[in-house]
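For reference, data20.cif (mmCIF, C-alpha atoms):
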```cif
data_run
loop_
_atom_site.label_atom_id
_atom_site.label_comp_id
_atom_site.auth_asym_id
_atom_site.auth_seq_id
_atom_site.Cartn_x
_atom_site.Cartn_y
_atom_site.Cartn_z
CA MET A 8 0.00 0.00 0.00
CA THR A 9 1.09 3.57 -0.54
CA ILE A 10 -0.03 6.76 1.13
CA SER A 11 0.16 9.53 -1.46
CA ASP A 12 0.09 13.29 -0.93
CA ALA A 13 -3.65 13.35 -1.65
CA GLU A 14 -4.34 10.98 1.26
CA VAL A 15 -2.17 12.82 3.79
CA SER A 16 -4.09 15.10 6.12
CA PRO A 17 -3.56 18.80 5.36
CA ASP A 18 -1.81 19.46 8.68
CA HIS A 19 0.94 16.90 7.93
CA GLU A 20 4.12 18.38 6.49
CA SER A 21 5.41 15.28 4.68
CA THR A 22 5.02 15.21 0.91
CA LYS A 23 6.84 11.91 0.34
CA ASP A 24 5.03 8.72 -0.51
CA ILE A 25 5.20 6.07 2.18
CA ARG A 26 5.27 2.49 0.98
CA TYR A 27 4.26 -0.10 3.57
CA GLU A 28 2.66 -3.47 4.16
CA ILE A 29 -0.02 -4.35 6.72
CA ARG A 30 0.51 -7.95 7.75
CA PRO A 31 0.24 -10.44 10.62
CA MET A 32 3.00 -10.05 13.16
CA LYS A 33 5.86 -12.55 13.08
CA ARG A 34 8.02 -13.63 16.01
CA ALA A 35 10.95 -11.91 14.25
CA ASP A 36 9.08 -8.58 14.69
CA LEU A 37 9.31 -8.73 18.50
CA PRO A 38 12.65 -6.84 18.81
CA SER A 39 11.35 -4.05 16.53
CA LEU A 40 8.12 -3.82 18.53
CA TYR A 41 10.13 -3.71 21.76
CA ALA A 42 12.21 -0.82 20.34
CA LEU A 43 9.06 1.04 19.22
CA LEU A 44 7.54 0.66 22.69
CA ALA A 45 10.76 1.87 24.36
CA GLU A 46 10.95 4.83 21.97
CA ASN A 47 7.47 5.85 23.17
CA LYS A 48 8.40 5.27 26.84
CA TRP A 49 6.19 2.21 27.27
CA ASN A 50 7.75 0.02 29.95
CA MET A 51 7.14 -3.43 28.48
CA GLU A 52 9.40 -6.42 29.11
CA MET A 53 10.48 -8.59 26.19
CA SER A 54 9.29 -11.67 28.11
CA TYR A 55 5.78 -10.16 28.27
CA LEU A 56 5.80 -9.51 24.52
CA GLU A 57 6.91 -13.10 23.86
CA CYS A 58 4.16 -14.45 26.13
CA ASP A 59 1.60 -12.20 24.42
CA PHE A 60 2.74 -13.40 21.00
CA HIS A 61 2.54 -17.08 21.98
CA THR A 62 -0.89 -16.67 23.63
CA ASP A 63 -2.71 -15.64 20.44
CA PRO A 64 -0.65 -14.37 17.50
CA SER A 65 -3.70 -14.40 15.18
CA GLY A 66 -4.86 -10.97 16.36
CA LEU A 67 -1.46 -9.24 16.17
CA THR A 68 -0.91 -7.00 13.18
CA VAL A 69 1.98 -4.73 12.17
CA VAL A 70 2.70 -2.09 9.59
CA VAL A 71 6.15 -2.43 8.05
CA LYS A 72 7.74 -0.04 5.57
CA ASP A 73 9.45 -1.31 2.41
CA ASN A 74 12.81 -0.98 4.19
CA GLY A 75 11.66 -3.36 6.95
CA GLU A 76 11.06 -0.67 9.58
CA LEU A 77 8.14 -1.52 11.87
CA ILE A 78 6.11 1.68 12.27
CA ARG A 79 2.85 0.46 13.82
CA HIS A 80 1.44 -2.38 15.89
CA CYS A 81 -2.09 -3.19 16.97
CA GLY A 82 -3.56 -6.33 18.33
CA PHE A 83 -6.60 -8.10 19.68
CA LEU A 84 -6.73 -11.12 21.95
CA ALA A 85 -9.47 -13.60 21.08
CA HIS A 86 -10.99 -14.87 24.33
CA SER A 87 -13.42 -17.09 22.42
CA ASP A 88 -15.22 -17.34 19.11
CA ILE A 89 -17.49 -14.44 20.14
CA ILE A 90 -15.38 -11.99 22.16
CA ALA A 91 -11.99 -10.31 21.91
CA CYS A 92 -10.23 -7.42 23.62
CA ALA A 93 -7.95 -4.76 22.26
CA ARG A 94 -4.28 -4.96 23.09
CA MET A 95 -1.41 -2.60 22.41
CA ASN A 96 -1.98 0.03 19.76
CA ILE A 97 1.06 2.11 18.93
CA ILE A 98 2.47 4.00 15.93
CA LYS A 99 5.67 5.94 15.42
CA GLU A 100 4.94 9.60 15.98
CA GLU A 101 5.98 10.77 12.53
CA TYR A 102 3.45 8.40 10.90
CA ARG A 103 0.42 9.52 12.90
CA HIS A 104 -2.50 11.28 11.14
CA LEU A 105 -1.77 9.65 7.77
CA GLY A 106 -4.70 7.23 7.70
CA ILE A 107 -2.53 4.17 8.30
CA GLY A 108 -4.47 3.34 11.47
CA LYS A 109 -7.80 3.27 9.64
CA GLN A 110 -6.44 0.90 7.02
CA MET A 111 -4.89 -1.29 9.68
CA PHE A 112 -8.13 -1.40 11.69
CA ARG A 113 -10.00 -2.64 8.59
CA GLU A 114 -7.48 -5.47 8.22
CA ILE A 115 -7.73 -6.40 11.91
CA MET A 116 -11.52 -6.47 11.75
CA LYS A 117 -11.30 -8.99 8.89
CA VAL A 118 -9.29 -11.26 11.20
CA MET A 119 -11.58 -10.70 14.18
CA GLY A 120 -14.72 -11.43 12.18
CA ASP A 121 -17.95 -11.13 14.18
CA ARG A 122 -16.30 -11.14 17.60
CA GLN A 123 -17.42 -8.36 19.90
CA ILE A 124 -14.61 -6.16 21.17
CA ALA A 125 -13.92 -5.23 24.79
CA ASN A 126 -12.94 -1.58 25.23
CA THR A 127 -10.10 -0.62 27.56
CA TYR A 128 -9.10 2.87 28.67
CA VAL A 129 -6.05 3.95 30.64
CA GLN A 130 -5.64 7.38 32.25
CA LEU A 131 -2.06 8.64 32.57
CA LYS A 132 -0.70 11.57 34.55
CA SER A 133 2.96 12.50 34.13
CA GLY A 134 3.61 9.10 32.58
CA ARG A 135 2.06 7.22 35.53
CA VAL A 136 -1.13 5.14 35.36
CA VAL A 137 -3.75 6.83 37.57
CA GLY A 138 -6.79 4.92 36.33
CA TYR A 139 -8.01 2.21 33.98
CA GLY A 140 -11.18 0.37 33.11
CA VAL A 141 -12.64 -2.26 30.78
CA ILE A 142 -16.13 -2.76 29.39
CA ARG A 143 -17.15 -5.80 27.38
CA PRO A 144 -20.26 -7.62 26.25
CA SER A 145 -21.47 -10.33 28.63
CA ASP A 146 -24.24 -12.94 28.58
CA VAL A 147 -26.65 -10.26 29.84
CA GLY A 148 -25.83 -6.70 28.76
CA TYR A 149 -22.35 -5.34 29.37
CA LYS A 150 -19.84 -5.91 32.16
CA MET A 151 -17.60 -3.10 33.43
CA GLN A 152 -14.68 -4.45 35.38
CA PRO A 153 -12.12 -3.69 36.47
CA LEU A 154 -12.49 0.03 37.08
CA TYR A 155 -9.65 1.55 39.05
CA ALA A 156 -8.79 5.22 39.68
CA ASP A 157 -6.62 7.20 42.07
CA ASP A 158 -9.46 9.62 42.79
CA PRO A 159 -13.24 9.99 42.27
CA LYS A 160 -12.88 12.53 39.44
CA ILE A 161 -10.78 10.12 37.35
CA ALA A 162 -13.16 7.26 38.22
CA LYS A 163 -16.17 9.25 37.03
CA ALA A 164 -14.46 10.23 33.76
CA LEU A 165 -13.47 6.62 33.04
CA PHE A 166 -16.92 5.32 34.01
CA CYS A 167 -18.65 7.78 31.65
CA ARG A 168 -16.25 7.02 28.79
CA LEU A 169 -16.69 3.26 29.20
CA ALA A 170 -20.47 3.56 29.58
CA SER A 171 -20.63 5.47 26.28
CA HIS A 172 -20.04 2.12 24.52
CA ILE A 173 -23.27 0.59 25.84
CA PRO A 174 -26.07 0.63 23.26
CA PRO A 175 -29.39 2.16 24.40
CA GLY A 176 -31.59 -0.29 26.27
CA GLN A 177 -28.73 -2.58 27.32
CA VAL A 178 -27.94 -3.50 30.94
CA LEU A 179 -24.70 -2.54 32.70
CA ASN A 180 -23.34 -5.08 35.18
CA PHE A 181 -20.95 -3.25 37.50
CA ILE A 182 -19.30 -4.68 40.59
CA GLN A 183 -18.00 -2.10 43.03
CA PRO A 184 -15.64 -3.67 45.55
CA GLU A 185 -15.73 -2.55 49.13
CA GLY A 186 -12.82 -0.39 50.20
CA ASN A 187 -10.16 -1.97 52.36
CA ASP A 188 -8.71 0.59 54.76
CA LYS A 189 -5.95 -1.85 55.81
CA THR A 190 -4.38 -1.90 52.35
#
```
Any chance you could put this one into structure tokens?
Amino acid sequence: MTISDAEVSPDHESTKDIRYEIRPMKRADLPSLYALLAENKWNMEMSYLECDFHTDPSGLTVVVKDNGELIRHCGFLAHSDIIACARMNIIKEEYRHLGIGKQMFREIMKVMGDRQIANTYVQLKSGRVVGYGVIRPSDVGYKMQPLYADDPKIAKALFCRLASHIPPGQVLNFIQPEGNDKT
């Protein structure tokens, strides 16, 4: 595939064509993915990436330039034939806003088929995780868990963002654990 000047968003300064391939991730891509994550200050161990790859490589997709440079990664983990959750989604900064992500998402959705996708959000502050939450389809309605936040304001923002994925008329199953003052 090629991104030409006509497809580049007007705010992007590059006028060069970018030639790349969207393809399933290979084990040989792990060092390049590790480097991309480190470049973006994601603290991810190589052993975790290897475990992730061996768990379900079918949902892992990369974008690789003609010169072999890995510029994007996105993945989904298939929990079953009917549900999957999003995993890492990262792109080199200089290739953002070029439409590569949209094309990649279309390819991933072909692999995922009719599986429903769990949505995950992470809230960062100064590079530190201060909240996260997941919402996914369940046997009855939608299930929101876990939902963690350092303070009520972050919790409310995450709750509202996650709840925005629930279609009208559907049930939300939410488990709120009791606080433990001893921890």
- Task: Using only C-alpha atoms, find the one residue out of A:His86, A:Arg34, A:Lys99, A:His104 that sits nearest to Pro64 in chain A.
- Result: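 Once distances to Pro64 in chain A are computed over only C-alpha atoms, the minimum belongs to A:Arg34.
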- Item | Residues matched by the PyMOL selection byres ((chain A and resi 137-151) around 9) as a PyMOL selection string | chain A and resi 90-92+123-132+135-136+152-158+161-162+165-166+169-170+172-173+176-182
- In terms of only C-alpha atoms, the residue from A:Lys72, A:Cys81, A:Pro159, A:Ser171 at minimal distance from Asp24 in chain A is A:Lys72
- Message: Using the chain letters and numbers from this file, what does the PyMOL selection byres ((chain A and resi 43) around 8) select? Give the answer as a list in words.
- Response: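 So the PyMOL selection byres ((chain A and resi 43) around 8) ends up selecting Ser39, Leu40, Tyr41, Ala42, Leu44, Ala45, Glu46, Asn47, Leu77, Ile78, Ile98 and Lys99 of chain A.
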- Query: Any idea what the distance is between CA of Pro31 in chain A and CA of Leu67 in chain A?
  - Reply: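 Calculated distance between CA of Pro31 in chain A and CA of Leu67 in chain A is 5.9 Å.
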Please write the residues picked by the PyMOL selection byres ((chain A and resi 28) around 6) on this file as a short mmCIF file (atom, residue, chain, number, x, y, z; two decimals) with C-alpha atoms, in the coordinates of the input.
```cif
data_model
loop_
_atom_site.label_atom_id
_atom_site.label_comp_id
_atom_site.auth_asym_id
_atom_site.auth_seq_id
_atom_site.Cartn_x
_atom_site.Cartn_y
_atom_site.Cartn_z
CA TYR A 27 4.26 -0.10 3.57
CA ILE A 29 -0.02 -4.35 6.72
CA VAL A 70 2.70 -2.09 9.59
CA VAL A 71 6.15 -2.43 8.05
#
```
- Item | Computed interatomic separation between CA of Met95 in chain A and CA of Arg30 in chain A (Å) |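 Separation between CA of Met95 in chain A and CA of Arg30 in chain A: 15.7 Å.
Each of A:Gly82, A:Arg168, A:Asp121, A:Asp88 was compared to Gly108 in chain A using only C-alpha atoms, and A:Gly82 turns out to be the nearest.
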- Point-to-point distance in Å for CA of Asn96 in chain A and CA of Val118 in chain A: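 Straight-line distance from CA of Val118 in chain A to CA of Asn96 in chain A works out to 15.9 Å.
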- Message: Please determine, counting all atoms listed in the file, which residue among A:Ala93, A:Leu56, A:Met111, A:Cys167 has the shortest atom-to-atom distance to Asp36 in chain A.
- Response: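 Using all atoms listed in the file, the shortest distance to Asp36 in chain A belongs to A:Leu56.
Residue nearest Met119 in chain A, chosen from A:Ser133, A:Ile107, A:Lys163, A:Thr68 and counting all atoms listed in the file: A:Thr68.
Of the listed residues (A:Asn74, A:Ser65, A:Ser54, A:Ser87), A:Ser65 comes nearest to Met32 in chain A; the distances count all atoms listed in the file.
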